[in-house]
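Below is entry-v5.pdb, which holds PDB, C-alpha atoms and all ligand atoms.
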MODEL        1
ATOM      1  CA  ALA A   4      19.954 -16.490 -11.681
ATOM      2  CA  ILE A   5      16.906 -15.743  -9.554
ATOM      3  CA  LYS A   6      14.490 -18.648  -8.996
ATOM      4  CA  GLN A   7      11.392 -18.187 -11.177
ATOM      5  CA  ASP A   8       9.076 -19.776  -8.626
ATOM      6  CA  LEU A   9       6.387 -17.087  -8.978
ATOM      7  CA  THR A  10       5.837 -17.878 -12.654
ATOM      8  CA  GLY A  11       2.111 -18.069 -13.389
ATOM      9  CA  GLN A  12       1.169 -15.945 -10.372
ATOM     10  CA  HIS A  13      -0.448 -12.498 -10.530
ATOM     11  CA  TRP A  14       0.613 -10.098  -7.780
ATOM     12  CA  VAL A  15      -1.114  -6.719  -7.398
ATOM     13  CA  ILE A  16       0.704  -4.065  -5.383
ATOM     14  CA  THR A  17      -0.364  -0.527  -4.432
ATOM     15  CA  ALA A  18       2.275   2.124  -3.825
ATOM     16  CA  GLY A  19       2.823   5.783  -3.075
ATOM     17  CA  PRO A  20       0.489   8.378  -1.627
ATOM     18  CA  THR A  21      -2.960   9.244  -2.883
ATOM     19  CA  MET A  22      -3.763  12.788  -3.914
ATOM     20  CA  GLU A  23      -7.185  14.104  -2.964
ATOM     21  CA  ALA A  24      -8.335  17.176  -4.855
ATOM     22  CA  ILE A  25      -9.567  20.192  -2.896
ATOM     23  CA  ASP A  26     -10.195  22.147  -6.069
ATOM     24  CA  PRO A  27      -8.604  22.070  -9.558
ATOM     25  CA  VAL A  28      -5.274  23.423  -8.267
ATOM     26  CA  ARG A  29      -4.959  22.147  -4.668
ATOM     27  CA  TYR A  30      -4.842  18.777  -2.989
ATOM     28  CA  ILE A  31      -4.362  16.797   0.231
ATOM     29  CA  SER A  32      -1.616  14.192   0.206
ATOM     30  CA  ASN A  33       1.253  12.785   2.292
ATOM     31  CA  HIS A  34       5.008  12.156   2.177
ATOM     32  CA  SER A  35       4.980   8.559   0.918
ATOM     33  CA  SER A  36       7.751   8.143  -1.685
ATOM     34  CA  GLY A  37       6.499   4.868  -3.167
ATOM     35  CA  LYS A  38       9.963   3.320  -2.786
ATOM     36  CA  MET A  39       8.847   0.294  -0.743
ATOM     37  CA  GLY A  40       5.979  -0.619  -3.095
ATOM     38  CA  TYR A  41       8.125  -0.152  -6.203
ATOM     39  CA  ALA A  42      10.873  -2.313  -4.655
ATOM     40  CA  LEU A  43       8.324  -5.046  -3.866
ATOM     41  CA  ALA A  44       6.998  -4.921  -7.438
ATOM     42  CA  THR A  45      10.532  -5.222  -8.815
ATOM     43  CA  ALA A  46      11.357  -8.136  -6.488
ATOM     44  CA  ALA A  47       8.162 -10.085  -7.289
ATOM     45  CA  GLN A  48       8.635  -9.495 -11.036
ATOM     46  CA  ALA A  49      12.258 -10.661 -10.840
ATOM     47  CA  ARG A  50      11.016 -13.941  -9.367
ATOM     48  CA  GLY A  51       8.682 -14.539 -12.271
ATOM     49  CA  ALA A  52       5.354 -13.077 -11.124
ATOM     50  CA  SER A  53       3.168 -11.061 -13.431
ATOM     51  CA  VAL A  54       2.917  -7.804 -11.448
ATOM     52  CA  THR A  55       0.373  -4.989 -11.585
ATOM     53  CA  LEU A  56       1.615  -1.924  -9.713
ATOM     54  CA  ILE A  57      -1.130   0.565  -8.939
ATOM     55  CA  SER A  58       0.584   3.767  -7.970
ATOM     56  CA  GLY A  59      -0.265   7.206  -6.703
ATOM     57  CA  PRO A  60       1.860  10.158  -7.876
ATOM     58  CA  VAL A  61       5.563   9.440  -7.140
ATOM     59  CA  GLN A  62       9.014  10.206  -8.523
ATOM     60  CA  CYS A  63      10.035   6.523  -8.826
ATOM     61  CA  ALA A  64      10.807   5.079 -12.253
ATOM     62  CA  ALA A  65       8.432   2.379 -13.510
ATOM     63  CA  PRO A  66      10.020  -1.011 -12.812
ATOM     64  CA  HIS A  67      10.925  -2.860 -15.999
ATOM     65  CA  GLY A  68       8.389  -5.503 -17.025
ATOM     66  CA  VAL A  69       5.784  -4.414 -14.487
ATOM     67  CA  ASN A  70       2.289  -3.308 -15.533
ATOM     68  CA  LEU A  71       2.125   0.200 -14.044
ATOM     69  CA  VAL A  72      -1.281   1.782 -13.509
ATOM     70  CA  SER A  73      -1.042   5.416 -12.396
ATOM     71  CA  VAL A  74      -3.820   6.908 -10.312
ATOM     72  CA  LYS A  75      -4.350   9.951  -8.134
ATOM     73  CA  SER A  76      -7.157   9.591  -5.579
ATOM     74  CA  ALA A  77      -8.076   6.701  -3.275
ATOM     75  CA  ASP A  78     -11.332   6.235  -5.214
ATOM     76  CA  GLU A  79      -9.323   5.865  -8.429
ATOM     77  CA  MET A  80      -6.897   3.493  -6.707
ATOM     78  CA  LEU A  81      -9.736   1.250  -5.525
ATOM     79  CA  ALA A  82     -11.370   1.277  -8.979
ATOM     80  CA  ALA A  83      -8.025   0.380 -10.611
ATOM     81  CA  CYS A  84      -7.511  -2.460  -8.132
ATOM     82  CA  GLU A  85     -10.974  -3.865  -8.805
ATOM     83  CA  SER A  86     -10.650  -3.675 -12.586
ATOM     84  CA  ASN A  87      -7.245  -5.386 -12.456
ATOM     85  CA  MET A  88      -8.488  -8.119 -10.110
ATOM     86  CA  THR A  89     -11.643  -9.294 -11.862
ATOM     87  CA  GLN A  90      -9.869 -12.645 -11.906
ATOM     88  CA  GLN A  91      -8.754 -13.417  -8.364
ATOM     89  CA  ALA A  92      -5.099 -12.393  -7.954
ATOM     90  CA  ASP A  93      -2.656 -14.609  -6.086
ATOM     91  CA  VAL A  94      -1.254 -11.935  -3.794
ATOM     92  CA  PHE A  95      -2.290  -8.360  -3.022
ATOM     93  CA  ILE A  96       0.124  -6.085  -1.184
ATOM     94  CA  GLY A  97      -1.209  -2.721   0.013
ATOM     95  CA  ALA A  98       1.932  -0.613   0.305
ATOM     96  CA  ALA A  99       0.189   2.651  -0.589
ATOM     97  CA  ALA A 100      -0.240   5.392   1.997
ATOM     98  CA  VAL A 101      -3.887   6.017   1.221
ATOM     99  CA  ALA A 102      -5.245   9.344   2.452
ATOM    100  CA  ASP A 103      -7.750   8.678   5.213
ATOM    101  CA  PHE A 104     -10.024  11.513   4.088
ATOM    102  CA  LYS A 105     -11.113  13.273   0.934
ATOM    103  CA  MET A 106     -13.154  16.409   0.325
ATOM    104  CA  LYS A 107     -16.879  15.867   0.768
ATOM    105  CA  THR A 108     -17.287  17.893  -2.422
ATOM    106  CA  ALA A 109     -14.224  18.977  -4.388
ATOM    107  CA  THR A 110     -15.081  22.243  -6.127
ATOM    108  CA  ASP A 111     -14.682  22.368  -9.876
ATOM    109  CA  GLN A 112     -13.560  26.009  -9.766
ATOM    110  CA  LYS A 113     -10.574  27.351  -7.844
ATOM    111  CA  MET A 114     -11.662  28.368  -4.336
ATOM    112  CA  LYS A 115     -11.402  32.109  -3.853
ATOM    113  CA  LYS A 116      -9.674  33.749  -0.917
ATOM    114  CA  GLN A 117     -12.372  35.257   1.279
ATOM    115  CA  SER A 118     -11.133  38.734   2.182
ATOM    116  CA  ASP A 119     -13.607  39.085   5.041
ATOM    117  CA  SER A 120     -12.491  36.022   7.021
ATOM    118  CA  ASP A 121      -9.236  34.570   8.395
ATOM    119  CA  GLU A 122     -10.690  31.081   8.606
ATOM    120  CA  ILE A 123     -11.923  28.516   6.175
ATOM    121  CA  GLN A 124     -13.664  25.207   6.814
ATOM    122  CA  LEU A 125     -13.136  22.170   4.650
ATOM    123  CA  THR A 126     -15.516  19.261   5.133
ATOM    124  CA  LEU A 127     -13.782  15.920   4.717
ATOM    125  CA  VAL A 128     -15.272  12.439   4.502
ATOM    126  CA  LYS A 129     -13.619   9.061   4.935
ATOM    127  CA  ASN A 130     -12.014   7.386   1.960
ATOM    128  CA  PRO A 131     -12.865   3.741   1.261
ATOM    129  CA  ASP A 132     -10.481   1.269   2.902
ATOM    130  CA  ILE A 133      -9.025  -0.285  -0.243
ATOM    131  CA  ILE A 134      -7.411  -3.343   1.295
ATOM    132  CA  ALA A 135     -10.383  -4.137   3.553
ATOM    133  CA  THR A 136     -12.754  -3.822   0.570
ATOM    134  CA  LEU A 137     -10.647  -6.181  -1.545
ATOM    135  CA  THR A 138     -10.374  -8.666   1.343
ATOM    136  CA  GLN A 139     -14.141  -8.685   1.820
ATOM    137  CA  LYS A 140     -14.613  -9.333  -1.890
ATOM    138  CA  LYS A 141     -11.902 -12.043  -1.836
ATOM    139  CA  ARG A 142     -10.096 -10.369  -4.737
ATOM    140  CA  ALA A 143      -6.794 -12.109  -3.913
ATOM    141  CA  LYS A 144      -5.909 -15.447  -2.358
ATOM    142  CA  TYR A 145      -3.547 -13.754   0.097
ATOM    143  CA  MET A 146      -3.709 -10.209   1.420
ATOM    144  CA  VAL A 147      -0.699  -8.333   2.765
ATOM    145  CA  GLY A 148      -0.895  -4.895   4.369
ATOM    146  CA  PHE A 149       1.447  -2.357   5.875
ATOM    147  CA  ALA A 150       0.998  -0.567   9.173
ATOM    148  CA  ALA A 151       2.835   2.684   9.770
ATOM    149  CA  GLU A 152       2.804   3.341  13.490
ATOM    150  CA  THR A 153       4.502   5.755  15.864
ATOM    151  CA  GLN A 154       3.918   3.801  19.086
ATOM    152  CA  LYS A 155       2.925   0.280  20.257
ATOM    153  CA  VAL A 156       3.919  -0.761  16.740
ATOM    154  CA  VAL A 157       3.378  -4.531  17.000
ATOM    155  CA  GLU A 158       0.242  -4.278  19.131
ATOM    156  CA  TYR A 159      -1.487  -1.812  16.798
ATOM    157  CA  ALA A 160      -0.371  -3.731  13.708
ATOM    158  CA  LYS A 161      -1.831  -6.969  15.107
ATOM    159  CA  GLY A 162      -5.128  -5.147  15.585
ATOM    160  CA  LYS A 163      -5.121  -4.125  11.913
ATOM    161  CA  LEU A 164      -4.257  -7.665  10.808
ATOM    162  CA  VAL A 165      -7.447  -8.918  12.442
ATOM    163  CA  LYS A 166      -9.682  -5.918  11.681
ATOM    164  CA  LYS A 167      -8.832  -5.821   7.961
ATOM    165  CA  GLY A 168      -8.841  -9.619   7.619
ATOM    166  CA  LEU A 169      -5.249  -9.775   6.349
ATOM    167  CA  ASP A 170      -2.880 -12.748   6.179
ATOM    168  CA  ILE A 171       0.281 -10.749   6.805
ATOM    169  CA  ILE A 172       0.925  -7.232   8.070
ATOM    170  CA  ILE A 173       4.263  -5.474   7.766
ATOM    171  CA  ALA A 174       4.687  -2.932  10.541
ATOM    172  CA  ASN A 175       7.100  -0.053  10.570
ATOM    173  CA  ASP A 176       7.861   2.649  13.081
ATOM    174  CA  VAL A 177       7.400   5.976  11.305
ATOM    175  CA  SER A 178       8.494   7.972  14.349
ATOM    176  CA  ARG A 179      12.086   7.032  13.447
ATOM    177  CA  THR A 180      13.631   9.431  10.942
ATOM    178  CA  ASP A 181      16.309   6.979   9.737
ATOM    179  CA  ILE A 182      13.800   4.549   8.215
ATOM    180  CA  GLY A 183      10.408   4.538   6.558
ATOM    181  CA  PHE A 184       8.873   7.535   4.765
ATOM    182  CA  ASN A 185      11.155   8.919   2.057
ATOM    183  CA  GLN A 186      14.181   6.932   3.276
ATOM    184  CA  ASP A 187      16.064   4.301   1.287
ATOM    185  CA  GLN A 188      16.303   2.064   4.347
ATOM    186  CA  ASN A 189      13.557   0.383   6.266
ATOM    187  CA  GLN A 190      13.165  -1.821   9.303
ATOM    188  CA  VAL A 191       9.946  -3.718   9.719
ATOM    189  CA  THR A 192       8.255  -6.394  11.770
ATOM    190  CA  VAL A 193       6.333  -8.977   9.791
ATOM    191  CA  ILE A 194       3.293 -10.306  11.612
ATOM    192  CA  THR A 195       1.019 -13.242  10.797
ATOM    193  CA  LYS A 196      -1.656 -14.868  12.925
ATOM    194  CA  ASP A 197       0.927 -17.206  14.437
ATOM    195  CA  ASN A 198       4.346 -15.588  14.031
ATOM    196  CA  THR A 199       6.332 -12.384  14.131
ATOM    197  CA  TRP A 200       9.625 -11.858  12.318
ATOM    198  CA  SER A 201      11.905  -8.820  12.463
ATOM    199  CA  PRO A 202      14.489  -8.790   9.677
ATOM    200  CA  SER A 203      17.355  -6.380  10.348
ATOM    201  CA  LYS A 204      17.378  -2.847   8.964
ATOM    202  CA  ALA A 205      18.208  -2.930   5.273
ATOM    203  CA  ALA A 206      17.919  -1.049   2.008
ATOM    204  CA  LYS A 207      14.322  -1.158   0.797
ATOM    205  CA  LYS A 208      15.408  -3.105  -2.311
ATOM    206  CA  GLU A 209      17.113  -5.804  -0.221
ATOM    207  CA  LEU A 210      14.246  -5.887   2.253
ATOM    208  CA  ALA A 211      11.744  -6.225  -0.601
ATOM    209  CA  THR A 212      13.502  -9.391  -1.778
ATOM    210  CA  GLN A 213      13.278 -10.854   1.728
ATOM    211  CA  LEU A 214       9.620  -9.845   2.081
ATOM    212  CA  VAL A 215       8.684 -11.398  -1.262
ATOM    213  CA  SER A 216      10.381 -14.646  -0.134
ATOM    214  CA  PHE A 217       8.525 -14.552   3.169
ATOM    215  CA  ILE A 218       5.174 -13.943   1.454
ATOM    216  CA  TYR A 219       5.798 -16.697  -1.085
ATOM    217  CA  GLU A 220       6.765 -19.215   1.618
ATOM    218  CA  TYR A 221       3.670 -18.248   3.614
ATOM    219  CA  THR A 222       1.407 -18.814   0.593
ATOM    220  CA  ALA A 223       3.102 -22.134  -0.184
ATOM    221  CA  SER A 224       2.603 -23.419   3.366
ATOM    222  CA  THR A 225      -0.737 -21.872   4.399
ATOM    223  CA  PRO A 226      -4.108 -22.657   2.801
ATOM    224  CA  SER A 227      -5.851 -19.578   1.425
ATOM    225  CA  THR A 228      -8.881 -18.455   3.438
ATOM    226  CA  ASN A 229     -10.224 -16.540   0.428
TER     227      ASN A 229
HETATM  228  O1  LIG B   1      -5.479   1.704   8.681
HETATM  229  P1  LIG B   1      -4.161   2.018   8.100
HETATM  230  O2  LIG B   1      -4.180   3.145   7.090
HETATM  231  O3  LIG B   1      -3.053   2.194   9.083
HETATM  232  O4  LIG B   1      -3.786   0.666   7.318
HETATM  233  C1  LIG B   1      -2.663   0.576   6.539
HETATM  234  C2  LIG B   1      -2.853  -0.477   5.493
HETATM  235  O5  LIG B   1      -4.146  -0.374   4.889
HETATM  236  C3  LIG B   1      -1.876  -0.314   4.342
HETATM  237  O6  LIG B   1      -1.648  -1.596   3.807
HETATM  238  C4  LIG B   1      -2.640   0.581   3.379
HETATM  239  O7  LIG B   1      -2.175   0.443   2.052
HETATM  240  C5  LIG B   1      -4.060   0.077   3.550
HETATM  241  N1  LIG B   1      -5.087   1.096   3.371
HETATM  242  C6  LIG B   1      -5.969   1.004   2.293
HETATM  243  N2  LIG B   1      -6.977   1.928   2.151
HETATM  244  C7  LIG B   1      -7.128   2.926   3.040
HETATM  245  C8  LIG B   1      -6.247   3.024   4.145
HETATM  246  C9  LIG B   1      -5.241   2.105   4.268
HETATM  247  O8  LIG B   1      -5.830   0.093   1.471
HETATM  248  N3  LIG B   1      -8.101   3.804   2.876
ENDMDL
END
When written as structure tokens, how does the structure in this file appear?
Amino acid sequence: AIKQDLTGQHWVITAGPTMEAIDPVRYISNHSSGKMGYALATAAQARGASVTLISGPVQCAAPHGVNLVSVKSADEMLAACESNMTQQADVFIGAAAVADFKMKTATDQKMKKQSDSDEIQLTLVKNPDIIATLTQKKRAKYMVGFAAETQKVVEYAKGKLVKKGLDIIIANDVSRTDIGFNQDQNQVTVITKDNTWSPSKAAKKELATQLVSFIYEYTASTPSTN
């Protein structure tokens, strides 16, 4: 039997891509499969946590016993996080691949092909940084983020740890095609203010169990700064 040492805790996890509407029929998104976030939700739930999984559009099945909240855009994802964290959560894990930009104004009618021009300009504006917003508002006792990098993985991830005010950042190298986006396997480096830990490459489900243990042990041994 799995230890139920997360009983009484509320963990909120984001997963998957966000989908930013261009018009009623088109969107901007990315290749995130949601597998890592769903595996983390399953692992935390199995250990007794009450889990809210706030997910962009993915093909993954809803994990049994998890409160799944489905959203599309980054704005919707942030709103869903806030409304599910009115009481401070114990742990927040941002595993979603949030689109950096959205349309400045999404049109409510389908954009027409302009026959007189071979070019079109879309004006994009920055999406809110969900995890940084929630950290600022102290919406969880402990904040965990992911950092998908293609170079200087640990160095860049450490920068994000500090900049976003996170407790833990989980870095992965998305330039490798055998791990990460859309793969069942992942290899990550877990970084805190004082330590780095690189568990070996493993199935996302197995890795999720190890990451949940790491996060729990961190919370049990480190006073919350929120
Ligand atoms: O800055 P970057 O997108 O690399 O940071 C990745 C981390 O920040 C992930 O944990 C991701 O879920 C989170 N994030 C977010 N809102 C954004 C962008 C990223 O919560 N708009």
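By chain and then residue number, the residues within 7 Å of Cys63 in chain A are Gly37, Lys38, Val61 and Ala65 of chain A, counting all atoms listed in the file and disregarding those fewer than 2 positions away in sequence.
Of the residues listed (A:Asp93, A:Asp111, A:Glu23, A:Asp121), A:Glu23 shows the shortest atom-to-atom separation from ligand LIG 1 (chain B); distances use all atoms listed in the file.
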### Task
Identify the residues around (-3.9, -12.7, -9.6) within a radius of 9 Å, measuring from only C-alpha atoms in the coordinates stated by the file, and give them as a ChimeraX atom specification.
/A:11-15,53-54,87-95,142-144
Distance table requested - chain A against ligand LIG 1 (chain B), cut-off 7 Å, only C-alpha atoms and all ligand atoms: one row per qualifying residue with the closest atom pair and its distance in Å to one decimal, ordered by chain and rising residue number, as a Markdown table.
| residue | atom | partner | partner_atom | distance |
| --- | --- | --- | --- | --- |
| A:Thr17 | CA | B:LIG1 | O7 | 6.8 |
| A:Ala77 | CA | B:LIG1 | N3 | 6.8 |
| A:Ile96 | CA | B:LIG1 | O6 | 6.9 |
| A:Gly97 | CA | B:LIG1 | O7 | 3.9 |
| A:Ala98 | CA | B:LIG1 | O7 | 4.6 |
| A:Ala99 | CA | B:LIG1 | O7 | 4.2 |
| A:Ala100 | CA | B:LIG1 | O7 | 5.3 |
| A:Val101 | CA | B:LIG1 | C8 | 4.8 |
| A:Ala102 | CA | B:LIG1 | N3 | 6.2 |
| A:Asp103 | CA | B:LIG1 | N3 | 5.4 |
| A:Asn130 | CA | B:LIG1 | N3 | 5.4 |
| A:Pro131 | CA | B:LIG1 | N3 | 5.0 |
| A:Asp132 | CA | B:LIG1 | N3 | 3.5 |
| A:Ile133 | CA | B:LIG1 | O8 | 3.6 |
| A:Ile134 | CA | B:LIG1 | O8 | 3.8 |
| A:Ala135 | CA | B:LIG1 | O8 | 6.6 |
| A:Val147 | CA | B:LIG1 | O6 | 6.9 |
| A:Gly148 | CA | B:LIG1 | O6 | 3.4 |
| A:Phe149 | CA | B:LIG1 | O6 | 3.8 |
| A:Ala150 | CA | B:LIG1 | C1 | 4.7 |
| A:Ala151 | CA | B:LIG1 | O3 | 5.9 |
| A:Lys163 | CA | B:LIG1 | O1 | 6.7 |
### Query
Could you state the separation of CA of Ala46 in chain A and CA of Met22 in chain A in Å, given to one decimal place?
25.9 Å
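Between CA of Val177 in chain A and CA of Lys204 in chain A the interatomic distance comes to 13.5 Å.
Take the candidates A:Gln62, A:Thr108, A:Thr55, A:Thr222 and check each one against Ser86 in chain A using only C-alpha atoms; the shortest distance goes to A:Thr55.
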Expand the PyMOL selection byres (((chain A and resi 75) around 8) and not hetatm) into the individual residues it matches in the shown file, reporting them as a CSV table (one decimal) with C-alpha atoms, in the coordinates of the input.
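The result, written out as result05.csv:
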chain,number,residue,atom,x,y,z
A,21,THR,CA,-3.0,9.2,-2.9
A,22,MET,CA,-3.8,12.8,-3.9
A,23,GLU,CA,-7.2,14.1,-3.0
A,58,SER,CA,0.6,3.8,-8.0
A,59,GLY,CA,-0.3,7.2,-6.7
A,60,PRO,CA,1.9,10.2,-7.9
A,73,SER,CA,-1.0,5.4,-12.4
A,74,VAL,CA,-3.8,6.9,-10.3
A,76,SER,CA,-7.2,9.6,-5.6
A,77,ALA,CA,-8.1,6.7,-3.3
A,79,GLU,CA,-9.3,5.9,-8.4
A,80,MET,CA,-6.9,3.5,-6.7
### Message
Need to verify the contact set: Lys107 in chain A, 9 Å, all atoms listed in the file, exclusion of same-chain residues closer than 2 positions in sequence. Can you return it as an NGL selection string?
### Response
:A and (104-105 or 109 or 125-129)
### Message
Can you pull out the residues contacting range 167-174 of chain A? Cut-off 9 Å, using all atoms listed in the file, and skip same-chain residues under 5 positions away; I want them as a VMD selection string.
### Response
chain A and resid 132 134 to 136 138 to 139 145 to 152 156 to 157 159 to 162 190 to 196 214 218 221 227 to 228
### Message
Selection in question (the file shown): the PyMOL selection byres (((chain A and resi 69) around 7) and not hetatm). Which residues does it include, as a ChimeraX atom specification?
### Response
/A:48,54-56,66-68,70-71
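Taking CA of Arg29 in chain A as the reference point, CA of Thr153 in chain A is found at 27.9 Å.
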Skip Thr110 in chain A itself and residues of its chain fewer than 4 positions away, then list as a short mmCIF file (atom, residue, chain, number, x, y, z; two decimals) with C-alpha atoms, in the frame of the given file all residues within 9 Å of it, counting all atoms listed in the file.
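In the end it all went to part.cif:
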data_model
loop_
_atom_site.label_atom_id
_atom_site.label_comp_id
_atom_site.auth_asym_id
_atom_site.auth_seq_id
_atom_site.Cartn_x
_atom_site.Cartn_y
_atom_site.Cartn_z
CA ALA A 24 -8.34 17.18 -4.86
CA ILE A 25 -9.57 20.19 -2.90
CA ASP A 26 -10.20 22.15 -6.07
CA PRO A 27 -8.60 22.07 -9.56
CA MET A 106 -13.15 16.41 0.32
CA MET A 114 -11.66 28.37 -4.34
#
### Query
Residues at most 6 Å from Ala211 in chain A, counting only C-alpha atoms, excluding those fewer than 4 positions away in the same chain, as JSON, numbers by chain?
{"A": [42, 43, 207]}
### Summary
Shortest contact to Tyr30 in chain A, candidates A:Lys113, A:Gln124, A:Gln154, A:Pro202, atoms counted all atoms listed in the file, goes to A:Lys113
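Closest approach to Leu164 in chain A among A:Leu9, A:Tyr219, A:Asp176, A:Asp197: A:Asp197, based on all atoms listed in the file.
You can rank A:Asn33, A:Ser178, A:Gln186, A:Ser224 by their closest distance to Ala206 in chain A using all atoms listed in the file, and at the top of that list sits A:Gln186.
Each of A:Asn229, A:Thr199, A:Ser36, A:Ser216 was checked against Gln7 in chain A using only C-alpha atoms; the smallest atom-to-atom distance is that of A:Ser216.
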